[in-house]
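Source file input-v7.txt; content: compact mmCIF, C-alpha atoms.
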```
# COMPACT_ATOMS: atom_id res chain seq x y z
CA MET B 1412 0.00 0.00 0.00
CA ALA B 1413 2.94 2.33 0.69
CA GLY B 1414 3.83 1.79 -2.96
CA GLY B 1415 0.46 3.35 -3.80
CA ALA B 1416 0.04 6.74 -2.14
CA GLY B 1417 3.80 7.02 -1.56
CA ILE B 1418 4.53 7.02 -5.30
CA VAL B 1419 2.17 9.96 -5.74
CA PHE B 1420 4.45 12.08 -3.54
CA THR B 1421 7.23 11.61 -6.08
CA PHE B 1422 5.22 13.93 -8.40
CA LEU B 1423 5.97 16.82 -6.10
CA PRO B 1424 9.08 18.28 -7.83
CA VAL B 1425 7.32 18.25 -11.24
CA LEU B 1426 4.29 19.96 -9.75
CA VAL B 1427 6.32 22.65 -7.96
CA VAL B 1428 8.03 23.55 -11.26
CA PHE B 1429 4.66 23.63 -13.03
CA PHE B 1430 3.00 25.81 -10.37
CA THR B 1431 5.97 28.21 -10.41
CA ALA B 1432 5.83 28.57 -14.20
CA LEU B 1433 2.07 29.18 -14.10
CA ALA B 1434 2.43 31.78 -11.32
CA LEU B 1435 5.21 33.57 -13.24
CA LEU B 1436 3.12 33.75 -16.41
CA GLU B 1437 0.15 35.08 -14.50
CA ASP B 1438 2.01 37.53 -12.30
CA THR B 1439 3.83 39.21 -15.19
CA GLY B 1440 0.46 39.96 -16.82
CA TYR B 1441 1.21 37.58 -19.71
CA LEU B 1442 -1.77 35.27 -19.22
CA ALA B 1443 -4.25 38.10 -19.71
CA ARG B 1444 -2.59 38.85 -23.06
CA VAL B 1445 -2.74 35.23 -24.09
CA ALA B 1446 -6.50 35.36 -23.55
CA TYR B 1447 -6.73 38.32 -25.89
CA VAL B 1448 -4.46 36.80 -28.52
CA MET B 1449 -6.38 33.51 -28.38
CA ASP B 1450 -9.69 35.24 -29.06
CA ARG B 1451 -9.74 34.31 -32.76
CA PHE B 1452 -8.85 30.67 -32.14
CA MET B 1453 -11.53 30.49 -29.47
CA HIS B 1454 -14.08 31.92 -31.92
CA ALA B 1455 -13.33 29.06 -34.30
CA LEU B 1456 -14.25 26.66 -31.49
CA GLY B 1457 -17.41 28.62 -30.85
CA LEU B 1458 -15.94 30.10 -27.70
CA HIS B 1459 -15.06 33.57 -26.66
CA GLY B 1460 -11.50 34.63 -25.80
CA LYS B 1461 -12.68 34.76 -22.19
CA SER B 1462 -13.03 30.99 -22.32
CA PHE B 1463 -9.30 30.79 -22.65
CA LEU B 1464 -8.70 31.89 -19.06
CA PRO B 1465 -10.77 29.09 -17.51
CA LEU B 1466 -9.41 26.59 -20.02
CA PHE B 1467 -5.87 27.66 -19.24
CA LEU B 1468 -6.58 27.25 -15.53
CA GLY B 1469 -7.40 23.66 -16.47
CA PHE B 1470 -3.69 22.95 -16.96
CA GLY B 1471 -3.39 23.38 -13.19
CA CYS B 1472 -6.62 21.63 -12.24
CA ASN B 1473 -9.92 21.11 -14.06
CA VAL B 1474 -11.94 22.10 -10.95
CA PRO B 1475 -11.09 25.85 -11.03
CA ALA B 1476 -11.36 25.69 -14.83
CA VAL B 1477 -15.00 24.65 -14.58
CA MET B 1478 -15.61 27.18 -11.78
CA GLY B 1479 -13.89 29.88 -13.81
CA THR B 1480 -16.52 29.58 -16.56
CA ARG B 1481 -18.71 31.84 -14.39
CA VAL B 1482 -17.05 34.72 -16.20
CA ILE B 1483 -18.90 33.73 -19.42
CA GLU B 1484 -22.37 35.23 -19.56
CA ALA B 1485 -23.89 33.36 -22.53
CA ARG B 1486 -25.18 30.01 -21.27
CA SER B 1487 -24.28 28.22 -24.50
CA GLY B 1488 -20.69 29.49 -24.34
CA ARG B 1489 -20.49 28.60 -20.68
CA LEU B 1490 -21.82 25.06 -21.18
CA LEU B 1491 -19.48 24.48 -24.09
CA THR B 1492 -16.49 25.64 -22.02
CA ILE B 1493 -17.55 23.41 -19.10
CA LEU B 1494 -17.76 20.40 -21.43
CA LEU B 1495 -14.35 21.17 -22.94
CA ALA B 1496 -12.52 22.02 -19.70
CA PRO B 1497 -11.93 18.35 -18.66
CA LEU B 1498 -10.17 17.78 -21.99
CA VAL B 1499 -7.40 20.15 -20.88
CA PRO B 1500 -4.60 17.97 -19.48
CA CYS B 1501 -4.45 18.91 -15.79
CA SER B 1502 -1.28 18.84 -13.68
CA ALA B 1503 -2.25 15.45 -12.22
CA ARG B 1504 -2.51 13.91 -15.70
CA LEU B 1505 0.70 15.65 -16.74
CA ALA B 1506 2.38 14.18 -13.68
CA VAL B 1507 1.18 10.66 -14.64
CA LEU B 1508 2.57 11.35 -18.10
CA ALA B 1509 5.89 12.58 -16.68
CA PHE B 1510 6.14 9.46 -14.52
CA LEU B 1511 5.27 6.82 -17.14
CA VAL B 1512 6.63 8.12 -20.44
CA PRO B 1513 10.40 8.00 -19.70
CA PRO B 1514 10.58 4.31 -18.72
CA PHE B 1515 8.46 3.24 -21.71
CA PHE B 1516 9.89 5.45 -24.42
CA GLY B 1517 13.45 6.30 -23.34
CA LYS B 1518 15.03 8.76 -25.78
CA TRP B 1519 11.65 9.25 -27.48
CA SER B 1520 10.08 10.49 -24.23
CA LEU B 1521 9.94 14.16 -25.18
CA PRO B 1522 8.25 13.74 -28.59
CA VAL B 1523 5.84 11.16 -27.14
CA ALA B 1524 4.90 13.39 -24.18
CA VAL B 1525 4.54 16.50 -26.35
CA GLY B 1526 2.58 14.46 -28.90
CA LEU B 1527 0.14 13.22 -26.25
CA VAL B 1528 -0.46 16.74 -24.91
CA ALA B 1529 -0.81 18.10 -28.46
CA ALA B 1530 -3.26 15.29 -29.28
CA ASN B 1531 -5.31 16.35 -26.25
CA ILE B 1532 -5.47 19.94 -27.53
CA VAL B 1533 -6.40 18.74 -31.04
CA VAL B 1534 -9.19 16.58 -29.60
CA LEU B 1535 -10.37 19.60 -27.57
CA ALA B 1536 -10.44 21.72 -30.75
CA VAL B 1537 -12.24 19.06 -32.82
CA VAL B 1538 -14.84 18.44 -30.09
CA GLY B 1539 -15.28 22.21 -29.66
CA ILE B 1540 -15.90 22.73 -33.38
CA ALA B 1541 -18.22 19.69 -33.56
CA LEU B 1542 -20.31 20.78 -30.56
CA ASN B 1543 -20.39 24.37 -31.77
CA HIS B 1544 -21.84 23.30 -35.12
CA THR B 1545 -24.39 20.92 -33.63
CA LEU B 1546 -25.59 21.58 -30.07
CA PHE B 1547 -24.49 25.15 -29.33
CA ARG B 1548 -25.34 27.87 -31.76
CA GLY B 1549 -25.81 30.83 -29.44
CA HIS B 1550 -24.58 34.24 -30.60
CA ARG B 1551 -21.54 35.56 -28.80
CA LEU B 1552 -20.90 39.23 -28.22
CA PRO B 1553 -17.54 40.88 -28.56
CA PHE B 1554 -15.96 42.69 -25.59
CA ILE B 1555 -13.75 45.62 -24.80
CA MET B 1556 -10.73 44.52 -22.77
CA GLU B 1557 -8.20 46.50 -20.81
CA LEU B 1558 -5.14 44.41 -20.17
CA PRO B 1559 -3.00 44.77 -17.05
CA LEU B 1560 0.45 46.24 -17.61
CA TYR B 1561 3.47 43.98 -17.83
CA HIS B 1562 5.45 44.11 -14.62
CA THR B 1563 8.17 42.32 -12.71
CA PRO B 1564 6.66 39.36 -10.90
CA ASN B 1565 6.40 39.61 -7.15
CA ALA B 1566 8.41 36.84 -5.46
CA ARG B 1567 6.10 36.85 -2.44
CA SER B 1568 2.92 36.40 -4.55
CA ILE B 1569 4.54 33.58 -6.49
CA ALA B 1570 5.80 31.85 -3.36
CA HIS B 1571 2.29 32.19 -1.89
CA PHE B 1572 0.68 30.69 -5.00
CA VAL B 1573 3.16 27.79 -5.21
CA TRP B 1574 2.92 27.06 -1.49
CA HIS B 1575 -0.89 26.92 -1.45
CA SER B 1576 -1.14 24.91 -4.66
CA THR B 1577 1.43 22.43 -3.35
CA ARG B 1578 -0.30 22.21 0.01
CA MET B 1579 -3.61 21.47 -1.73
CA PHE B 1580 -1.91 18.65 -3.63
CA LEU B 1581 -0.27 17.24 -0.50
CA THR B 1582 -3.57 17.34 1.37
CA LYS B 1583 -5.21 15.42 -1.47
CA ALA B 1584 -2.37 12.88 -1.63
CA GLY B 1585 -2.31 12.40 2.13
CA SER B 1586 -6.06 11.96 2.51
CA PHE B 1587 -8.12 11.09 -0.53
CA ILE B 1588 -5.46 9.21 -2.51
CA LEU B 1589 -4.23 7.39 0.59
CA LEU B 1590 -7.79 6.29 1.32
CA MET B 1591 -8.28 5.10 -2.25
CA SER B 1592 -4.95 3.24 -2.11
CA LEU B 1593 -6.13 1.55 1.08
CA LEU B 1594 -9.35 0.47 -0.66
CA VAL B 1595 -7.51 -0.84 -3.74
CA TRP B 1596 -4.99 -2.65 -1.50
CA ALA B 1597 -7.82 -4.26 0.51
CA LEU B 1598 -9.74 -5.29 -2.62
CA GLY B 1599 -6.52 -6.67 -4.11
CA ASN B 1600 -5.64 -8.73 -1.01
CA PHE B 1601 -8.97 -10.17 0.13
CA PRO B 1602 -10.17 -12.86 0.31
CA GLY B 1603 -6.68 -14.00 -0.73
CA PRO B 1604 -4.40 -15.81 -1.09
CA ASP B 1605 -3.11 -13.75 -4.08
CA LEU B 1606 -4.06 -10.83 -6.34
CA GLU B 1607 -5.50 -13.05 -9.08
CA SER B 1608 -8.08 -14.58 -6.72
CA SER B 1609 -8.93 -11.31 -4.94
CA TYR B 1610 -12.13 -9.31 -5.39
CA LEU B 1611 -10.22 -6.87 -7.59
CA GLY B 1612 -8.80 -9.75 -9.63
CA HIS B 1613 -12.30 -11.11 -10.32
CA PHE B 1614 -13.57 -7.65 -11.22
CA GLY B 1615 -10.55 -6.98 -13.42
CA ARG B 1616 -10.88 -10.25 -15.33
CA ALA B 1617 -14.53 -9.44 -16.03
CA LEU B 1618 -13.19 -6.44 -17.96
CA GLY B 1619 -10.93 -8.74 -19.98
CA PRO B 1620 -12.63 -8.32 -23.37
CA LEU B 1621 -12.41 -4.54 -23.12
CA GLY B 1622 -8.80 -4.79 -22.03
CA GLU B 1623 -7.99 -7.02 -25.01
CA LEU B 1624 -9.36 -4.43 -27.41
CA LEU B 1625 -7.33 -1.72 -25.65
CA GLY B 1626 -4.22 -3.87 -25.47
CA MET B 1627 -4.19 -3.62 -21.67
CA ASP B 1628 -4.17 -6.34 -19.05
CA TRP B 1629 -6.81 -6.12 -16.30
CA ARG B 1630 -4.48 -4.29 -13.91
CA LEU B 1631 -4.05 -1.41 -16.36
CA VAL B 1632 -7.82 -1.25 -16.91
CA VAL B 1633 -8.45 -1.15 -13.14
CA ALA B 1634 -5.79 1.59 -12.75
CA LEU B 1635 -7.51 3.57 -15.50
CA LEU B 1636 -10.89 3.21 -13.78
CA SER B 1637 -9.43 4.19 -10.39
CA SER B 1638 -8.26 7.49 -11.92
CA PHE B 1639 -11.88 8.61 -11.80
CA MET B 1640 -11.45 9.33 -8.09
CA ALA B 1641 -8.27 11.38 -8.69
CA LYS B 1642 -5.96 11.16 -11.69
CA GLU B 1643 -2.89 10.41 -9.55
CA ASN B 1644 -4.69 7.30 -8.33
CA ALA B 1645 -3.76 5.60 -11.59
CA ILE B 1646 -0.12 5.54 -10.45
CA ALA B 1647 -1.03 4.65 -6.86
CA THR B 1648 -3.14 1.71 -8.13
CA LEU B 1649 -0.41 0.54 -10.51
CA GLY B 1650 2.00 0.69 -7.56
CA ILE B 1651 -0.21 -1.72 -5.62
CA LEU B 1652 -1.20 -4.03 -8.48
CA TYR B 1653 2.34 -4.40 -9.84
CA SER B 1654 4.05 -4.61 -6.45
CA GLY B 1655 4.26 -8.41 -6.74
CA GLY B 1656 6.70 -8.18 -9.65
CA GLU B 1657 10.39 -8.92 -9.59
CA LYS B 1658 11.96 -8.00 -6.27
CA GLY B 1659 14.19 -4.96 -6.16
CA LEU B 1660 12.55 -3.32 -9.15
CA GLY B 1661 10.70 -0.01 -8.87
CA LEU B 1662 7.24 0.50 -10.35
CA ALA B 1663 8.59 2.02 -13.56
CA GLN B 1664 10.95 -0.91 -14.20
CA THR B 1665 8.27 -3.48 -13.29
CA LEU B 1666 5.88 -1.84 -15.75
CA VAL B 1667 8.44 -1.81 -18.53
CA ALA B 1668 9.16 -5.50 -17.87
CA SER B 1669 5.47 -6.50 -17.94
CA VAL B 1670 3.74 -4.07 -20.29
CA ALA B 1671 4.51 -3.67 -24.01
CA PRO B 1672 5.17 -0.09 -25.20
CA ALA B 1673 2.08 -0.17 -27.46
CA SER B 1674 -0.08 -1.03 -24.43
CA GLY B 1675 1.68 1.67 -22.41
CA LEU B 1676 0.90 4.21 -25.14
CA ALA B 1677 -2.74 3.09 -25.28
CA PHE B 1678 -2.95 3.40 -21.47
CA LEU B 1679 -1.44 6.90 -21.52
CA THR B 1680 -3.74 7.97 -24.37
CA ALA B 1681 -6.79 6.75 -22.45
CA THR B 1682 -5.57 8.39 -19.21
CA MET B 1683 -5.07 11.76 -20.89
CA LEU B 1684 -8.58 11.75 -22.37
CA PHE B 1685 -10.39 9.77 -19.67
CA ILE B 1686 -13.51 11.01 -17.86
CA PRO B 1687 -12.95 13.88 -15.42
CA CYS B 1688 -12.11 13.11 -11.80
CA ALA B 1689 -14.86 12.98 -9.15
CA ALA B 1690 -14.15 16.53 -7.91
CA THR B 1691 -14.50 17.93 -11.45
CA VAL B 1692 -17.72 15.98 -11.97
CA ALA B 1693 -19.14 17.47 -8.74
CA VAL B 1694 -18.23 20.99 -9.85
CA MET B 1695 -19.67 20.36 -13.34
CA ARG B 1696 -22.97 19.41 -11.68
CA GLN B 1697 -22.85 22.53 -9.52
CA GLU B 1698 -22.06 24.86 -12.43
CA THR B 1699 -24.43 23.39 -15.05
CA GLY B 1700 -27.20 22.72 -12.52
CA SER B 1701 -28.01 19.58 -14.49
CA TRP B 1702 -26.97 15.93 -14.31
CA ARG B 1703 -27.98 15.59 -17.96
CA TRP B 1704 -25.05 17.73 -19.15
CA VAL B 1705 -22.69 16.04 -16.69
CA PHE B 1706 -23.57 12.57 -18.00
CA PHE B 1707 -23.35 13.85 -21.56
CA GLY B 1708 -19.83 15.13 -20.83
CA ILE B 1709 -18.78 11.89 -19.10
CA GLY B 1710 -20.22 9.71 -21.88
CA MET B 1711 -18.55 11.83 -24.54
CA MET B 1712 -15.14 11.65 -22.86
CA LEU B 1713 -15.45 7.93 -22.17
CA LEU B 1714 -16.16 7.27 -25.85
CA ILE B 1715 -13.31 9.53 -26.96
CA ALA B 1716 -10.80 8.04 -24.49
CA LEU B 1717 -11.59 4.40 -25.22
CA GLY B 1718 -11.92 5.04 -28.96
CA ALA B 1719 -8.55 6.81 -29.07
CA ALA B 1720 -6.84 4.08 -27.01
CA VAL B 1721 -8.27 1.32 -29.25
CA LEU B 1722 -7.15 3.27 -32.31
CA VAL B 1723 -3.63 3.74 -30.92
CA PHE B 1724 -3.19 0.10 -29.90
CA GLN B 1725 -4.74 -1.39 -33.04
CA THR B 1726 -2.64 0.92 -35.25
CA CYS B 1727 0.52 -0.11 -33.38
CA GLN B 1728 -0.47 -3.75 -33.76
CA TRP B 1729 -1.24 -3.31 -37.46
CA PHE B 1730 2.22 -1.85 -38.08
CA GLY B 1731 3.92 -4.10 -35.55
CA TRP B 1732 5.15 -1.15 -33.44
CA GLY B 1733 5.96 -1.66 -29.76
CA ILE B 1734 4.11 -4.95 -29.44
CA THR B 1735 7.07 -6.70 -27.90
CA HIS B 1736 9.75 -5.39 -25.61
CA ALA B 1737 12.84 -4.03 -27.31
CA MET X 515 -17.67 60.33 -31.03
CA LEU X 516 -19.31 57.89 -28.61
CA ARG X 517 -21.37 56.50 -31.50
CA LYS X 518 -18.22 55.99 -33.55
CA PHE X 519 -16.60 54.40 -30.53
CA LEU X 520 -19.44 51.89 -30.09
CA ARG X 521 -19.50 51.05 -33.81
CA LEU X 522 -15.76 50.49 -33.84
CA ALA X 523 -15.58 48.55 -30.60
CA PHE X 524 -18.46 46.17 -31.27
CA GLY X 525 -18.38 45.87 -35.05
CA ARG X 526 -15.94 42.91 -34.90
CA ASP X 527 -14.18 40.62 -32.43
CA THR X 528 -12.99 41.62 -28.98
CA THR X 529 -10.95 44.82 -28.94
CA GLU X 530 -8.30 46.08 -26.56
CA THR X 531 -8.46 49.64 -25.25
CA ALA X 532 -4.97 50.42 -26.59
CA ASP X 533 -6.00 49.33 -30.13
CA LEU X 534 -9.18 51.41 -29.89
CA ALA X 535 -7.14 54.44 -28.84
CA ARG X 536 -4.83 54.01 -31.82
CA GLU X 537 -7.68 53.63 -34.30
CA LEU X 538 -9.60 56.58 -32.92
CA GLY X 539 -6.48 58.72 -32.72
CA VAL X 540 -6.94 59.44 -29.02
CA SER X 541 -5.11 58.47 -25.84
CA VAL X 542 -5.81 55.35 -23.79
CA GLN X 543 -6.97 57.63 -20.96
CA GLN X 544 -9.58 59.15 -23.30
CA VAL X 545 -10.78 55.68 -24.29
CA ARG X 546 -11.08 54.79 -20.62
CA LEU X 547 -13.12 57.96 -20.11
CA MET X 548 -15.42 56.99 -23.02
CA VAL X 549 -15.88 53.54 -21.56
CA GLU X 550 -16.73 55.03 -18.16
CA THR X 551 -19.21 57.46 -19.75
CA LEU X 552 -20.90 54.73 -21.80
CA GLU X 553 -21.04 52.54 -18.69
CA ARG X 554 -22.64 55.39 -16.72
CA LEU X 555 -25.17 55.98 -19.52
CA GLY X 556 -26.08 52.29 -19.46
CA TYR X 557 -24.70 51.27 -22.88
CA LEU X 558 -21.90 49.15 -21.45
CA GLU X 559 -21.73 46.75 -18.53
CA LYS X 560 -18.61 45.72 -16.71
CA VAL X 561 -18.09 41.97 -16.65
CA ALA X 562 -16.80 40.39 -13.46
CA ALA X 563 -13.21 39.58 -14.36
CA GLY X 564 -12.74 36.08 -13.05
CA CYS X 565 -15.54 35.00 -10.74
CA GLU X 566 -18.86 36.38 -9.65
CA GLN X 567 -18.55 35.44 -6.00
CA SER X 568 -16.39 37.41 -3.60
CA CYS X 569 -12.91 36.00 -3.05
CA GLY X 570 -13.46 35.55 0.68
CA HIS X 571 -15.90 32.72 0.01
CA CYS X 572 -13.88 30.99 -2.68
CA ALA X 573 -12.03 27.75 -1.94
CA GLN X 574 -9.54 28.58 -4.70
CA TYR X 575 -8.69 32.00 -3.25
CA PRO X 576 -5.38 31.03 -1.58
CA ALA X 577 -4.05 29.75 -4.90
CA CYS X 578 -5.30 32.65 -7.02
CA LEU X 579 -3.61 35.78 -8.37
CA PRO X 580 -6.75 37.86 -9.00
CA ASN X 581 -5.03 41.23 -9.53
CA GLU X 582 -3.80 40.24 -12.97
CA SER X 583 -7.21 39.72 -14.58
CA PRO X 584 -8.10 41.94 -17.52
CA GLN X 585 -10.93 44.50 -17.18
CA ILE X 586 -13.77 43.52 -19.49
CA TRP X 587 -16.89 45.35 -20.70
CA LYS X 588 -19.77 44.07 -22.80
CA LEU X 589 -22.71 45.78 -24.49
CA SER X 590 -25.76 46.10 -22.25
CA GLY X 591 -29.28 45.45 -23.52
CA LYS X 592 -29.63 49.19 -24.12
CA GLY X 593 -26.33 49.23 -26.00
CA GLU X 594 -27.37 46.29 -28.19
CA ARG X 595 -30.67 47.97 -29.07
CA TYR X 596 -28.87 51.20 -29.83
CA LEU X 597 -26.37 49.53 -32.17
CA ALA X 598 -29.09 47.48 -33.88
CA ALA X 599 -31.08 50.66 -34.57
CA ASP X 600 -27.90 52.43 -35.68
CA ARG X 601 -27.10 49.69 -38.22
CA GLU X 602 -30.60 49.93 -39.74
CA ALA X 603 -30.59 53.73 -39.87
CA PRO X 604 -29.15 55.39 -43.01
CA ASP X 605 -25.84 57.20 -42.47
```
Before we go any further, please render this structure as structure tokens.
Amino acid sequence: MAGGAGIVFTFLPVLVVFFTALALLEDTGYLARVAYVMDRFMHALGLHGKSFLPLFLGFGCNVPAVMGTRVIEARSGRLLTILLAPLVPCSARLAVLAFLVPPFFGKWSLPVAVGLVAANIVVLAVVGIALNHTLFRGHRLPFIMELPLYHTPNARSIAHFVWHSTRMFLTKAGSFILLMSLLVWALGNFPGPDLESSYLGHFGRALGPLGELLGMDWRLVVALLSSFMAKENAIATLGILYSGGEKGLGLAQTLVASVAPASGLAFLTATMLFIPCAATVAVMRQETGSWRWVFFGIGMMLLIALGAAVLVFQTCQWFGWGITHA
Amino acid sequence: MLRKFLRLAFGRDTTETADLARELGVSVQQVRLMVETLERLGYLEKVAAGCEQSCGHCAQYPACLPNESPQIWKLSGKGERYLAADREAPD
């Protein structure tokens, strides 16, 4: 179980760098300009430039991104932004990416990681355009904007932002993720004697046909499902489910030894596009005031994530890429 | 001048006050004054930059840098009606 929640804490350095970069961009007044510059691109998606601010917040966490849509007056624009916000790769998903890509793809890590993030943005754009031309056709008014002046960032404000964001992450890792790891550990150990005959093992094997299509064994499918509670849970669950591997090997090495790169890529693709975490779902319900839109968003993302993962794995299999270990 | 300002500002995509000042051949301070006047007359409405609720009640407040949000104005109902009538009227 320590291999579960404990692994999540290893994300911390990546997150601190990310929070610092975000705070610097915001505190210099650059983010406000990005919103203005992005106005035209946002119009193509059927969104206003103001949607960019909440969507950009989504890179930190999808929860404030959904809450930030309050700035958009037109209900159609607001709903569209809420539905698109979970497609922005949040810091938790980026941390999963940062943890899993290097062991699987070695020197190709950077292009693979950038490609996965870019694919997320492309999917966001395609879904935005599709929804804008089908469900949302409200008219959107232009605005007058006065941008804040560029200025030297304030070290105290940045330190404050990074400290509170990090503390929020640590609180989540030390409470919610630890609790989930405990649950996964218990389900994976009872009634015993081993993982294969546990409750989780039975549940996982029932998902076998889906896993086969996705190129994932049941443990990867269970890890993907557990990410619904919090994205970092995917790593915590993998830590528990693969802890019985070769002794002396860390999670990354155990995964590389047991999972083919094509399956790893399919897993990462699905994780990046998978349904929003429970906290985001709760905020989506609060902000839309309707379960109908929440279920629509979840269903849409589930289809996209699984469809993309199947496509990635089947394409790799077709071309014989990464099916066996190098 | 205010009519020209409204036509220019809302005849296309979102505009920045500095661009408006350049196109109208006036200073940014004068544009700000026009915006304030139009807001006072009810043609423009200020949009809450960020969130509608006060920061004190927001769970995200500790991790927020709210001072760097842009100031945003939109056309009010009165402003929309005025521009619609203006577009139909002959010059």
Considering all atoms listed in the file, state which residue in the set B:Ile1540, B:Ala1647, B:Leu1508, B:Leu1436 is at the smallest distance from Thr1680 of chain B.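 The shortest atom-to-atom distance to Thr1680 of chain B comes from B:Leu1508.
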Record the distance separating atom CA of Gly1603 of chain B and atom CA of Ser1654 of chain B, expressed in Å with one decimal. 15.4 Å
Among listed residues X:Arg554, X:Lys560, X:Arg601, X:Lys588, nearest Lys518 of chain X (using only C-alpha atoms):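 So, comparing all the options, the nearest one is X:Arg601.
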Determine which residues of chain B sit within 9 Å of chain X, taking into account all atoms listed in the file, and present them as a VMD selection string. chain B and resid 1434 1437 to 1444 1447 1450 to 1451 1454 1459 to 1460 1464 to 1465 1475 1478 to 1484 1552 to 1560 1568 to 1569 1571 to 1576 1579
In Å, with one decimal, what is the gap from atom CA of Pro1602 of chain B to atom CA of Met1640 of chain B?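 Value for the atom CA of Pro1602 of chain B-atom CA of Met1640 of chain B distance: 23.8 Å.
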At what distance in Å, to one decimal, does atom CA of Ala1541 of chain B lie from atom CA of Val1448 of chain B? 22.5 Å
Spatial neighbours of Phe1467 of chain B, 8 Å, all atoms listed in the file, chain gap at least 4 places, as a ChimeraX atom specification: /B:1463,1471,1476,1499
Leu1635 of chain B surroundings by all atoms listed in the file, 7 Å radius, close-in-sequence under 3 positions cut, as an MDAnalysis selection string: chainID B and resid 1631:1632 1638 1645 1682
In file coordinates, which residues lie within 10 Å of (-5.1, -6.2, -25.3) using all atoms listed in the file, given as a list in words?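 The answer, in the requested form, is Gly1619, Pro1620, Leu1621, Gly1622, Glu1623, Leu1624, Leu1625, Gly1626, Met1627, Asp1628, Trp1629, Ala1673, Ser1674, Ala1677, Val1721, Phe1724, Gln1725 and Gln1728 of chain B.
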Which residues are close to segment 1585-1597 of chain B, i.e. within 8 Å by all atoms listed in the file, leaving aside same-chain residues fewer than 3 positions away? Reply as a list of chain:residue names.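 Final neighbour list, sorted by chain and number: B:Met1412, B:Gly1415, B:Ala1416, B:Leu1581, B:Thr1582, B:Asn1600, B:Phe1601, B:Leu1611, B:Met1640, B:Ala1641, B:Glu1643, B:Asn1644, B:Ala1647, B:Thr1648, B:Ile1651.
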